[in-house]
Structures are given as structure tokens and as C-alpha cells.
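**Student:** A single structure is presented below for examination.
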Amino acid sequence: MTASLKLLLKQYFGYDSFRPLQREIMEQTLAGRDVLAILPTGAGKSLCFQLPALARDGLTLVVSPLIALMKDQVDSLTANGVSATLLNSSIQGAEAQRRRAALAQGQYKLLYAAPERVMTDGFIQDLQRWNVTRIAVDEAHCISEWGHDFRPEYRQLAQLREYLPDVPFLALTATATAQVRGDIAQQLRLNQPDVFLASFNRPNLGYSILPKDKPTRQVFEFIRERPNESGIVYVQSRKSAENLAAALAAEGIKAVAYHAGLQPEQRVANQDAFIHDAARVVCATIAFGMGIDKPDVRFVIHADLPKNLEGYYQETGRAGRDGLPAECVLLYSRGDLVRNLKFLDEASDPKAAGIAARQMRQMADFAEGSECRRAALLDYFGEQWPGDNCGGCDVCLQPHETWDATTQVQKLLSCVFRIKQKGGFSTGLNHAVEVLAGANTEKIRNWGHDQLSTYGIGKETPREQWMSLGRQLIRLGYLNASPDIYQTLSLSVMGRDALAQRSPIFLSRAPHQIAVGSSSAKVSRAGNMACDEGLFAELRDLRKTLADARGVPPYVVFGDVSLRQMARRYPVTEAAFLAIPGVGSQKHADFGPAFVQAISSWLVDHEPLPFPHDEVPVKPAPKMKSEGALNSSVLETLRLFHSGKNPQEIASLRALSPSTVAQHFANAIVSGDLKAEPRDFYSCEAEQLIDQAAVEHGYDRLAPLYEALGGRIPYDQLHFYRAFRQRARLSSQPTSAPPGGQNT
Ligand code: ADP
Ligand code: MG
Ligand code: ZN
């Protein structure tokens, strides 16, 4: 009995198409083969075993490491009309008996269980009776000591093969390292498995790194600007988690703390508050995360430097599982690295400490680098980012400021060279910078480095700047640093050539270097899926009410993608509601009437907004109100424009200032009399710059905007910018909306 996977996908989950590799994985496991699927978080791994379970007779056993994870998936499946259950230590007595009886009668398609339960005696015999046809091992990296969440109990799972020899295994994980992958296949005794490895890029995540400076304030302001979004703030210590949560709560933000030092009941309560949208922010140590499948985490902030890139990737990966845009922000200060390294010095095992130190430096290099964050992260996992500009990280979104570093580079490289020449040994960066700065230290006196020609030639530049340049030259390969803890410097071949040829070197300032002290650095906001935000808010409230009544998290009722689509398409018929992604037949029956009702009543008082590239809204879009007739001077400017003159020519022909002519165009754009595109007047780069500045300063008054941009964008372009924004605001606003209502 193999029903079409595509039909089942729509009927039970309400989706029209598969995500990459889902279908291929399902087909292989349905063919009875062992499969190892390595897909990033949010890629949709659960569906890879849930849908095959529906396509065949028999029971699918799902091994999962955490009760919270199991419960979440069983809730979601139940809401979709799939019969699923779980057995673990939280289910006892009569309830456990009832579930076993139902399992024996074949009433469930999926059974979730923890590994320690699976291996108990009676349970294996039960499994043999219950017609298990597939075993899915979720979070399979837990089997590997090399992974970050090692669970010894996972090791025993391979024994299942002896008892259920013909049952195919499907192992799933988001952990990419080859070592862990190999371990999974070996430990689970996978039989010539088909291995599926997806790209680890998370296209909907935006990455940015900001200089850390009053982190509590920075975190608070970030969250305050996103009043309806939930997210995670990672900090280093339990104490900071509690302090930060308290500080945010004192400012009126519903925040809770999470760390391993909390009483278990408190921990569960705080986690539940987050999952059920009662708290919108968790301030947590890295103890928080696995087991959280909340799909609408809109931001992950690292307020302290993560210990390694792998952890950073996993933690940021918890944002945006639903595929909608989400932001990952790291607050970086070099002091964090220094502190982390200092703690290491006290560690006992020197080999482990060495590895940890290398990983920490790698993390700091990532933060200090001026390379695309996405490319750098993917590179860490051995993947190449094909494009030039990812369009979704601070490096790619902020224009690169470059400076002529030739002289400075010459000074630093020759200083390193002279030090080695003089004593025959190398030193670390810090000492080289001391020499450049002309410091009077004991080492300098002892080694005679005050006699070097480079002694004191860098006095005019602050030491921190020299350090930063030195680190950049290491990253770029002009200098080599020894791998031991001293990190002594030597010139690479490239560095020697640069020194000998005095070739001009232009370096880009890392975004955090530009930003330090200028406070103009802003996280660029990723645009969300546009929808009628007013209706979306209503639907969210309704979702929360329905979810609370059932005791499930709101996202079990519907995800944000479904709600946003409802607030774009205004479905008021059954067919229209069923076409919303995420609406399967069970949810249609259970929740359809309430949502359709809410949308219909919304439409009584509100005009639907038009959203292009989608179905036409139920009612026609409202006509634009004209902003009043244009005066004759504006009309004259327009006439000249249509006869082929450009703005500069018009200004000189009419003896008007460019700014006045720009104002004429702006009026005509706002009124709709001039059909033009932003690109007719300013570049894409200029637009990005202005967008960023407008987040903080708005665009109604141009003077502050001009100031904030440091005069980089001329006034006339700002006039045009404002006109296009105002025009967009008008055309997306129903005439009945109150003035000042925002739809962007
Ligand atoms: P993973 O386990 O890989 O991290 P999940 O299985 O938790 O990912 O799925 C992440 C999200 O993607 C869930 O909200 C799920 O409903 C959604 N999803 C999965 N498959 C599809 C699909 N084919 N179309 C649309 N959404 C999907
Ligand atoms: Mg998963
Ligand atoms: Zn980028």
C-alpha cells in the first residue's frame, strides 16, 4: 500500500512541494535501504520519516534524545491528524498500559521513544510484536563522542539490528563534520547506507557582528525594536543569563533565564513559557537549545563570544526554522577572547586546552574578519559559497571601506623582519607592536630591540590599531603565526614579496572597525514576508487562544508562514483556506471555521491590501487618493523631463537649485504623476546606505538623515528616496487606515 507521497504531503501536512532531498530520502527508505541524512536545522528532517510512515502499513519507531522533542513532534502530528504516541519515563501506569494495548492493535503509525527505553528487555519483545517496519534515529550525532551532545545510550541502538534484522534504519542529523558522520554509520551498523548531504547554507538567516559595548543596552534596544518577535540571547555564564533576563524584564520585556543550574521544575517552566509564547525571550547558556523545535525564533543574539564556530553555527541555526527571515547577531569584543583564553590557562589537560584555544581564535578571526560571514561559515564546513555577495550579512550589506595601508604594512612587516634578523628568533605580535610604539620594556632593553631601525616608527598610531592590522595580515597570509600558544610571527613568501616590492596594499576595514566609536553600525533588518500586519496580529491572538485551550504550543496550531499567507490572501472560502500552506485536512476541519470567521470579520471593517505575485485579493484594491494637484512649476519641470532633459539640465535651464528640482520630482512621484523607478535616481548601494540610516533616523526629515550619512548621499537623492518611500506607504495603505499606520 503505497499512496502517493505528494498526496499525503498535502492531505496531512498541507504542503504542496518537497524541500530539497526530502523526496529522495523518502524514496530510499521506502525502498528498504538504510539511509543517513545530514541536513541543516530547519531543512525538514522530521517529514522524511513521518511521511513514509503514512505511506506504509506498520509502525515507525522514532528514537529521539529528549522528552521535549518527542512531545513536540507528537503534538504536531496529532494536530495534523496523524496517529502518533510516545513512551518514556513520564508516561506511567494505566496510561502506559493503554498506549501499549493500542500499539499492539496497530492503532499508531509512529512511536517515539528514548534510547534507554528502547533497550529494556520487555520493550524489544514488544517491538517485535508491534510490526515495526522502519526505525528512525533522530539527532543521530548523539551516538558520537565527537559530537556535541554525546549520549552513551545511543550506542546500544545497534543491538536492535539483531532483533529486527529486516527493518531499515534512517539516521538523521544536522551535524556536518565528517568524523561524526562516519561514527554514525559505523555505530548504528548502517548497511551500505545512502548518504544524503545537503548544503549547510541557511539562506533565510542574516548574520551580523557588532562591536560589543554596553551589551545589556544593546540587547535591550535590539529587542525593543522588534516588539512582536521571539528570540534567544546566548551568554557565557549562568549569572549573566539571570542578570540579563532580569534587566530585560525590568524594561517590560517578557524574558526568562535558562541554564543548567536552575531547579528542574524552573527550567521546564521557563522553557515552556518560551515555547508557548508566554515569554518571548530566553537568556540562556548553551545548555539551552537541543530539544527546542520552536520554528518562529526570529533572532539569536550572542552577547558573549561562543567557544567555537561549530557551536556558533548550531546556536544561530535555531533561528528561522520556518524559513522566514531571521537575524543572528554577535556582539564582539576582543576582551571576550582574552578572557576565554585566560580561563583555559588554568585548565589541566594541555592538549585539550590547545585545541580549545585554537577553536577560540578561529571564532575571533571569524568575528574580526572582513570576509562574507556566510562564506566563512560554510568554508568551515568545507563548503564553498558560490556567489560574491550573499546579500545577507553585515559584510556584504555594508559597503566596504578600503584604505591605503601600504605604509603601515611596510612598517609592521619590516619590524617583524628586523626582530628576526637581529636575534635569530621570532616574537609574538604584541612585542612587535611594542617595538613599533617605541616602548621601554624589559624585553626590548634585554634584546636590544631599541636599536632596531623600526623602533618607535609607529608611535603616531594607537597600539590597538597596530594589533588589529597585525591580525588582519595574519588572516590575509602576509604573516605566519606559529601554531603554539606563543604565536610567534614570521614573514610568509607573500609578506616577503610585499616588503621587497613595496607593492601598494589596500585593506578593507572590518565592519566592526568602522563601527567602533561611531555608533552608526546598525543591524540591517531582514524583510519579512509582507502581509497585512493588522490581520496577522489578530490571527496570532486567535492562534494563541486555540493553542492554550488545547495545551499545545501556538506553532502546533499553525506556523507563521501559514498565518502570514492568510494575512496576504484573505481566504474566506473553504477552497481558498485549504490552499494555504500548512493547512491539511485535519487542521482545516479543526481550525478552519475559526480562522475563516476571523478573516471575514476583519474584512467587514478593513479593505484587503494588494500583495503582488499572489492571488488577487477578494475585494479590489482601493484607489489611491491623490495628494492634491501639482503646481505649475512642478508641471513645467515634468514637461521638460518628458521632453528628454535630465534633472541637472532642467535645473540650469530654469535657473533653479538642484534641490528644488529634486523636490519637484519628489512631489510628482508621491502624487503618482511621475512613473519612475528608484534606479532612475540613485544606485542600489546608495539605497542600502539610506535604508540603514533611516532605520534609526526615519526619513520624514532629511537633515538628520543627511547628517547620519556623513554627507555621503547628496540631498537631491534623499528627496527622491523619501518620495519613493512615501509613495510606497500610500499605495500599501487602505484609504480607511488611520494616518501614520505602518504597513511595512
Ligand atoms: P529539522 O528537523 O530538519 O530541523 P523540521 O523537521 O523541524 O526540521 O522542520 C522545520 C520546519 O519546516 C517545520 O516547521 C516543518 O513544518 C517545515 N517543513 C518541513 N517540510 C516542509 C515542506 N516540504 N514544505 C514546507 N514546510 C516544510
Ligand atoms: Mg529535527
Ligand atoms: Zn555575506
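Ordering of the C-alpha cells sets the chain letters (A, B, ...); residue numbers start at 1 within each chain; ligands are numbered from 1 in the order shown.
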Write out as a list in words each polymer residue whose atoms come within 8 Å of Trp602 in chain A, counting only C-alpha atoms; drop sequence neighbours fewer than 4 positions from it.

**Tutor:**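 The residues satisfying every condition are Leu535, Ala598 and His606 of chain A.
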
**Student:** Go ahead and save the residues from that selection, with N, CA, C and O atoms, as a CSV table (one decimal), in the first residue's frame.

**Tutor:**
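Dumped everything to again_29.csv:
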chain,number,residue,atom,x,y,z
A,535,LEU,N,-4.1,42.3,10.4
A,535,LEU,CA,-4.8,41.0,10.4
A,535,LEU,C,-3.9,39.9,11.0
A,535,LEU,O,-4.3,39.1,11.8
A,598,ALA,N,-12.6,34.8,11.5
A,598,ALA,CA,-11.8,35.9,11.9
A,598,ALA,C,-11.5,36.8,10.7
A,598,ALA,O,-11.5,38.0,10.8
A,606,HIS,N,-12.2,46.4,7.1
A,606,HIS,CA,-10.9,46.8,6.5
A,606,HIS,C,-10.9,46.4,5.1
A,606,HIS,O,-11.4,45.3,4.7

**Student:** Extract, using only C-alpha atoms, all DNA, RNA and protein residues at most 10 Å from Asp560 in chain A, discarding same-chain residues fewer than 4 positions from it, and format them as a PDB file with N, CA, C and O atoms, in the first residue's frame.

**Tutor:**
ATOM      1  N   PRO A 295       9.606  26.925  15.730  1.00  0.00           N
ATOM      2  CA  PRO A 295      10.019  27.300  14.370  1.00  0.00           C
ATOM      3  C   PRO A 295      10.123  28.807  14.149  1.00  0.00           C
ATOM      4  O   PRO A 295      10.730  29.237  13.192  1.00  0.00           O
ATOM      5  N   ASP A 296       9.520  29.621  15.033  1.00  0.00           N
ATOM      6  CA  ASP A 296       9.475  31.055  14.746  1.00  0.00           C
ATOM      7  C   ASP A 296      10.424  31.844  15.656  1.00  0.00           C
ATOM      8  O   ASP A 296      10.099  32.949  16.064  1.00  0.00           O
ATOM      9  N   ASP A 322      11.305  28.022  10.354  1.00  0.00           N
ATOM     10  CA  ASP A 322      10.142  28.071   9.470  1.00  0.00           C
ATOM     11  C   ASP A 322      10.469  28.634   8.095  1.00  0.00           C
ATOM     12  O   ASP A 322       9.606  28.744   7.240  1.00  0.00           O
ATOM     13  N   GLY A 323      11.721  29.026   7.897  1.00  0.00           N
ATOM     14  CA  GLY A 323      12.117  29.510   6.581  1.00  0.00           C
ATOM     15  C   GLY A 323      11.909  31.003   6.386  1.00  0.00           C
ATOM     16  O   GLY A 323      12.336  31.561   5.379  1.00  0.00           O
ATOM     17  N   LEU A 324      11.262  31.657   7.331  1.00  0.00           N
ATOM     18  CA  LEU A 324      11.092  33.108   7.218  1.00  0.00           C
ATOM     19  C   LEU A 324      12.386  33.783   7.696  1.00  0.00           C
ATOM     20  O   LEU A 324      13.157  33.195   8.448  1.00  0.00           O
ATOM     21  N   MET A 529       8.092  38.237   5.270  1.00  0.00           N
ATOM     22  CA  MET A 529       7.105  38.040   4.225  1.00  0.00           C
ATOM     23  C   MET A 529       6.006  39.084   4.430  1.00  0.00           C
ATOM     24  O   MET A 529       5.362  39.119   5.474  1.00  0.00           O
ATOM     25  N   PHE A 536      -2.622  39.959  10.629  1.00  0.00           N
ATOM     26  CA  PHE A 536      -1.680  38.978  11.158  1.00  0.00           C
ATOM     27  C   PHE A 536      -1.714  38.989  12.690  1.00  0.00           C
ATOM     28  O   PHE A 536      -1.758  37.937  13.336  1.00  0.00           O
ATOM     29  N   LEU A 539      -4.799  37.244  13.893  1.00  0.00           N
ATOM     30  CA  LEU A 539      -4.723  35.791  13.709  1.00  0.00           C
ATOM     31  C   LEU A 539      -3.781  35.171  14.724  1.00  0.00           C
ATOM     32  O   LEU A 539      -3.994  34.053  15.189  1.00  0.00           O
ATOM     33  N   ARG A 540      -2.746  35.930  15.075  1.00  0.00           N
ATOM     34  CA  ARG A 540      -1.814  35.418  16.071  1.00  0.00           C
ATOM     35  C   ARG A 540      -2.502  35.270  17.424  1.00  0.00           C
ATOM     36  O   ARG A 540      -2.298  34.296  18.143  1.00  0.00           O
ATOM     37  N   PRO A 554       1.658  27.412  20.359  1.00  0.00           N
ATOM     38  CA  PRO A 554       0.938  28.056  19.252  1.00  0.00           C
ATOM     39  C   PRO A 554       1.347  27.539  17.873  1.00  0.00           C
ATOM     40  O   PRO A 554       0.510  27.366  16.997  1.00  0.00           O
ATOM     41  N   TYR A 555       2.648  27.255  17.682  1.00  0.00           N
ATOM     42  CA  TYR A 555       3.065  26.829  16.343  1.00  0.00           C
ATOM     43  C   TYR A 555       2.522  25.464  15.973  1.00  0.00           C
ATOM     44  O   TYR A 555       2.573  25.061  14.809  1.00  0.00           O
ATOM     45  N   ARG A 564       0.866  34.231   7.921  1.00  0.00           N
ATOM     46  CA  ARG A 564       1.193  35.344   7.017  1.00  0.00           C
ATOM     47  C   ARG A 564       0.518  35.158   5.659  1.00  0.00           C
ATOM     48  O   ARG A 564       0.045  36.111   5.050  1.00  0.00           O
ATOM     49  N   GLN A 565       0.479  33.919   5.198  1.00  0.00           N
ATOM     50  CA  GLN A 565      -0.214  33.685   3.930  1.00  0.00           C
ATOM     51  C   GLN A 565      -1.702  34.005   4.060  1.00  0.00           C
ATOM     52  O   GLN A 565      -2.303  34.547   3.148  1.00  0.00           O
ATOM     53  N   MET A 566      -2.273  33.675   5.206  1.00  0.00           N
ATOM     54  CA  MET A 566      -3.692  34.029   5.411  1.00  0.00           C
ATOM     55  C   MET A 566      -3.858  35.538   5.373  1.00  0.00           C
ATOM     56  O   MET A 566      -4.842  36.054   4.851  1.00  0.00           O
ATOM     57  N   GLY A 582       0.463  24.586   4.857  1.00  0.00           N
ATOM     58  CA  GLY A 582       0.389  24.190   6.256  1.00  0.00           C
ATOM     59  C   GLY A 582      -1.024  23.827   6.694  1.00  0.00           C
ATOM     60  O   GLY A 582      -1.229  23.431   7.835  1.00  0.00           O
TER      61      GLY A 582
END

**Student:** Around ligand 1, at most 6 Å away and counting only C-alpha atoms and all ligand atoms, which residues are there? Put them as a count of residues only, please.

**Tutor:** 16

**Student:** Find the residues near Gln218 in chain A: any atom within 12 Å, counting only C-alpha atoms, skip ones fewer than 6 places away on the same chain, and give them as a PyMOL selection string.

**Tutor:** chain A and resi 210-212+224-225+233+244+247-248+301-303+329-332+519+521-523

**Student:** Dump all heavy atoms for the selected residues as a compact mmCIF listing (two decimals), in the first residue's frame?

**Tutor:**
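The file below, out.txt, is the result:
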# COMPACT_ATOMS: atom_id res chain seq x y z
N LEU A 210 28.47 43.02 15.73
CA LEU A 210 28.55 44.41 16.17
C LEU A 210 29.59 44.51 17.27
O LEU A 210 29.79 43.57 18.04
CB LEU A 210 27.20 44.85 16.76
CG LEU A 210 26.02 44.91 15.84
CD1 LEU A 210 24.80 45.42 16.58
CD2 LEU A 210 26.32 45.82 14.66
N PRO A 211 30.24 45.66 17.36
CA PRO A 211 31.18 45.83 18.46
C PRO A 211 30.41 45.81 19.77
O PRO A 211 29.37 46.44 19.90
CB PRO A 211 31.80 47.20 18.21
CG PRO A 211 30.89 47.89 17.27
CD PRO A 211 30.14 46.85 16.51
N LYS A 212 30.92 45.05 20.72
CA LYS A 212 30.23 44.92 22.00
C LYS A 212 30.59 46.10 22.88
O LYS A 212 31.77 46.39 23.09
CB LYS A 212 30.67 43.61 22.64
CG LYS A 212 30.11 43.33 24.00
CD LYS A 212 30.35 41.87 24.29
CE LYS A 212 30.31 41.55 25.77
NZ LYS A 212 30.52 40.10 25.96
N ARG A 224 13.74 45.69 21.76
CA ARG A 224 12.67 46.68 21.80
C ARG A 224 12.21 47.04 20.39
O ARG A 224 11.03 47.30 20.16
CB ARG A 224 13.16 47.92 22.52
CG ARG A 224 12.07 48.96 22.72
CD ARG A 224 12.57 50.21 23.35
NE ARG A 224 13.75 50.70 22.63
CZ ARG A 224 14.47 51.74 23.02
NH1 ARG A 224 14.15 52.39 24.10
NH2 ARG A 224 15.52 52.13 22.32
N GLU A 225 13.14 47.05 19.45
CA GLU A 225 12.77 47.40 18.08
C GLU A 225 11.99 46.29 17.38
O GLU A 225 11.56 46.46 16.25
CB GLU A 225 14.03 47.70 17.25
CG GLU A 225 14.59 49.07 17.54
CD GLU A 225 15.96 49.26 16.87
OE1 GLU A 225 16.23 48.59 15.85
OE2 GLU A 225 16.73 50.08 17.40
N VAL A 233 18.89 34.80 23.54
CA VAL A 233 20.15 35.52 23.76
C VAL A 233 21.08 34.57 24.49
O VAL A 233 20.79 34.12 25.60
CB VAL A 233 19.95 36.78 24.62
CG1 VAL A 233 21.26 37.57 24.68
CG2 VAL A 233 18.82 37.65 24.09
N LEU A 244 20.72 39.22 32.83
CA LEU A 244 20.18 39.80 31.61
C LEU A 244 18.66 39.63 31.55
O LEU A 244 17.94 40.58 31.21
CB LEU A 244 20.85 39.15 30.39
CG LEU A 244 20.47 39.75 29.03
CD1 LEU A 244 20.81 41.23 28.98
CD2 LEU A 244 21.19 39.01 27.91
N ALA A 247 17.19 42.15 33.79
CA ALA A 247 17.29 43.51 33.25
C ALA A 247 16.25 43.74 32.16
O ALA A 247 15.60 44.79 32.11
CB ALA A 247 18.69 43.75 32.70
N LEU A 248 16.06 42.75 31.30
CA LEU A 248 15.07 42.90 30.23
C LEU A 248 13.66 42.95 30.82
O LEU A 248 12.82 43.76 30.41
CB LEU A 248 15.19 41.75 29.23
CG LEU A 248 16.48 41.71 28.41
CD1 LEU A 248 16.51 40.48 27.52
CD2 LEU A 248 16.63 42.97 27.56
N ILE A 301 20.86 36.11 19.49
CA ILE A 301 21.93 37.05 19.78
C ILE A 301 22.99 36.33 20.61
O ILE A 301 22.65 35.65 21.58
CB ILE A 301 21.41 38.25 20.60
CG1 ILE A 301 20.30 38.97 19.84
CG2 ILE A 301 22.54 39.22 20.94
CD1 ILE A 301 19.65 40.10 20.64
N HIS A 302 24.23 36.46 20.23
CA HIS A 302 25.31 36.01 21.10
C HIS A 302 25.88 37.25 21.78
O HIS A 302 26.54 38.06 21.14
CB HIS A 302 26.40 35.30 20.30
CG HIS A 302 26.03 33.90 19.94
ND1 HIS A 302 25.36 33.57 18.79
CD2 HIS A 302 26.25 32.73 20.60
CE1 HIS A 302 25.17 32.26 18.75
NE2 HIS A 302 25.69 31.72 19.84
N ALA A 303 25.61 37.38 23.06
CA ALA A 303 26.11 38.54 23.77
C ALA A 303 27.55 38.31 24.26
O ALA A 303 28.23 39.25 24.64
CB ALA A 303 25.20 38.88 24.95
N VAL A 329 22.90 37.80 15.53
CA VAL A 329 23.77 38.93 15.86
C VAL A 329 24.80 38.48 16.89
O VAL A 329 24.46 37.85 17.89
CB VAL A 329 22.94 40.08 16.46
CG1 VAL A 329 23.84 41.25 16.82
CG2 VAL A 329 21.87 40.51 15.48
N LEU A 330 26.04 38.81 16.63
CA LEU A 330 27.09 38.51 17.60
C LEU A 330 27.68 39.84 18.08
O LEU A 330 28.06 40.68 17.28
CB LEU A 330 28.18 37.67 16.92
CG LEU A 330 29.51 37.50 17.65
CD1 LEU A 330 29.33 36.76 18.96
CD2 LEU A 330 30.50 36.73 16.76
N LEU A 331 27.69 40.02 19.39
CA LEU A 331 28.34 41.19 19.97
C LEU A 331 29.78 40.79 20.28
O LEU A 331 30.02 39.88 21.07
CB LEU A 331 27.63 41.63 21.25
CG LEU A 331 26.16 42.00 21.09
CD1 LEU A 331 25.59 42.45 22.43
CD2 LEU A 331 25.97 43.09 20.05
N TYR A 332 30.68 41.47 19.62
CA TYR A 332 32.07 41.02 19.73
C TYR A 332 32.97 42.05 20.40
O TYR A 332 32.94 43.22 20.07
CB TYR A 332 32.62 40.73 18.33
CG TYR A 332 34.07 40.35 18.39
CD1 TYR A 332 34.46 39.14 18.93
CD2 TYR A 332 35.06 41.22 17.92
CE1 TYR A 332 35.80 38.79 19.01
CE2 TYR A 332 36.40 40.88 18.00
CZ TYR A 332 36.76 39.67 18.55
OH TYR A 332 38.07 39.33 18.64
N SER A 519 29.07 54.40 16.46
CA SER A 519 27.70 54.05 16.85
C SER A 519 26.72 54.06 15.68
O SER A 519 25.53 53.94 15.86
CB SER A 519 27.16 54.95 17.97
OG SER A 519 26.56 56.10 17.41
N ALA A 521 26.76 51.85 13.39
CA ALA A 521 26.54 50.48 12.94
C ALA A 521 25.18 49.99 13.39
O ALA A 521 24.81 50.10 14.55
CB ALA A 521 27.62 49.56 13.50
N LYS A 522 24.46 49.47 12.46
CA LYS A 522 23.11 49.01 12.76
C LYS A 522 22.95 47.64 12.13
O LYS A 522 23.51 47.36 11.09
CB LYS A 522 22.10 49.96 12.10
CG LYS A 522 21.78 51.15 12.96
CD LYS A 522 20.60 50.80 13.84
CE LYS A 522 20.48 51.76 15.00
NZ LYS A 522 19.47 51.33 15.94
N VAL A 523 22.18 46.84 12.75
CA VAL A 523 21.87 45.57 12.15
C VAL A 523 20.89 45.85 11.04
O VAL A 523 19.92 46.55 11.23
CB VAL A 523 21.23 44.65 13.18
CG1 VAL A 523 20.91 43.32 12.56
CG2 VAL A 523 22.12 44.50 14.36

**Student:** Using only C-alpha atoms and all ligand atoms, find each protein or nucleic acid residue lying at most 12 Å from ligand 3; present the set as an NGL selection string.

**Tutor:** :A and (201-203 or 205-209 or 369-378 or 385-400 or 511)

**Student:** Please compute the CA of Leu429 in chain A-CA of Pro215 in chain A distance, one decimal, in Å.

**Tutor:**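 Straight-line distance from CA of Leu429 in chain A to CA of Pro215 in chain A works out to 28.4 Å.
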
**Student:** What does the list of residues within 12 Å of ligand 2 look like if you count only C-alpha atoms and all ligand atoms, written as a ChimeraX atom specification?

**Tutor:** /A:37-50,62-66,68-70,72-73,136-141,171-175,289-295,317-318,321

**Student:** Which of range 360-524 of chain A counts as strand (DSSP E) under DSSP, as a list in words please?

**Tutor:**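 Here is the list: Thr402, Trp403, Asp404, Leu479, Asn480, Ala481, Leu489, Ser490, Leu491, Phe506, Leu507 and Ser508 of chain A.
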
**Student:** According to DSSP computed on the backbone, where in range 125-370 of chain A is there alpha helix (DSSP H)? Give the residues as a PyMOL selection string.

**Tutor:** chain A and resi 125-129+160-163+178-187+215-224+238-250+264-275+309-316+334-345+350-368

**Student:** What lies within 8 Å of Ser562 in chain A using only C-alpha atoms, ignoring chain neighbours under 5 positions off, as a list in words?

**Tutor:**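 The neighbour list is Ile580, Pro581, Gly582 and Val583 of chain A.
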
**Student:** What gap, in Å, lies between CA of Asn340 in chain A and CA of Ser237 in chain A?

**Tutor:**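 Between CA of Asn340 in chain A and CA of Ser237 in chain A the gap is 11.8 Å.
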
**Student:** Let me make sure I understand: among A:Val167, A:Leu603, A:Leu702, A:Ile669, which one has the smallest atom-to-atom distance to Arg727 in chain A if we use only C-alpha atoms?

**Tutor:**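 Smallest distance to Arg727 in chain A is found for A:Ile669.
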
**Student:** Mind giving me the straight-line distance from CA of Gln726 in chain A to CA of Glu707 in chain A in Å, one decimal?

**Tutor:**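 Computed distance, CA of Gln726 in chain A to CA of Glu707 in chain A, equals 20.6 Å.
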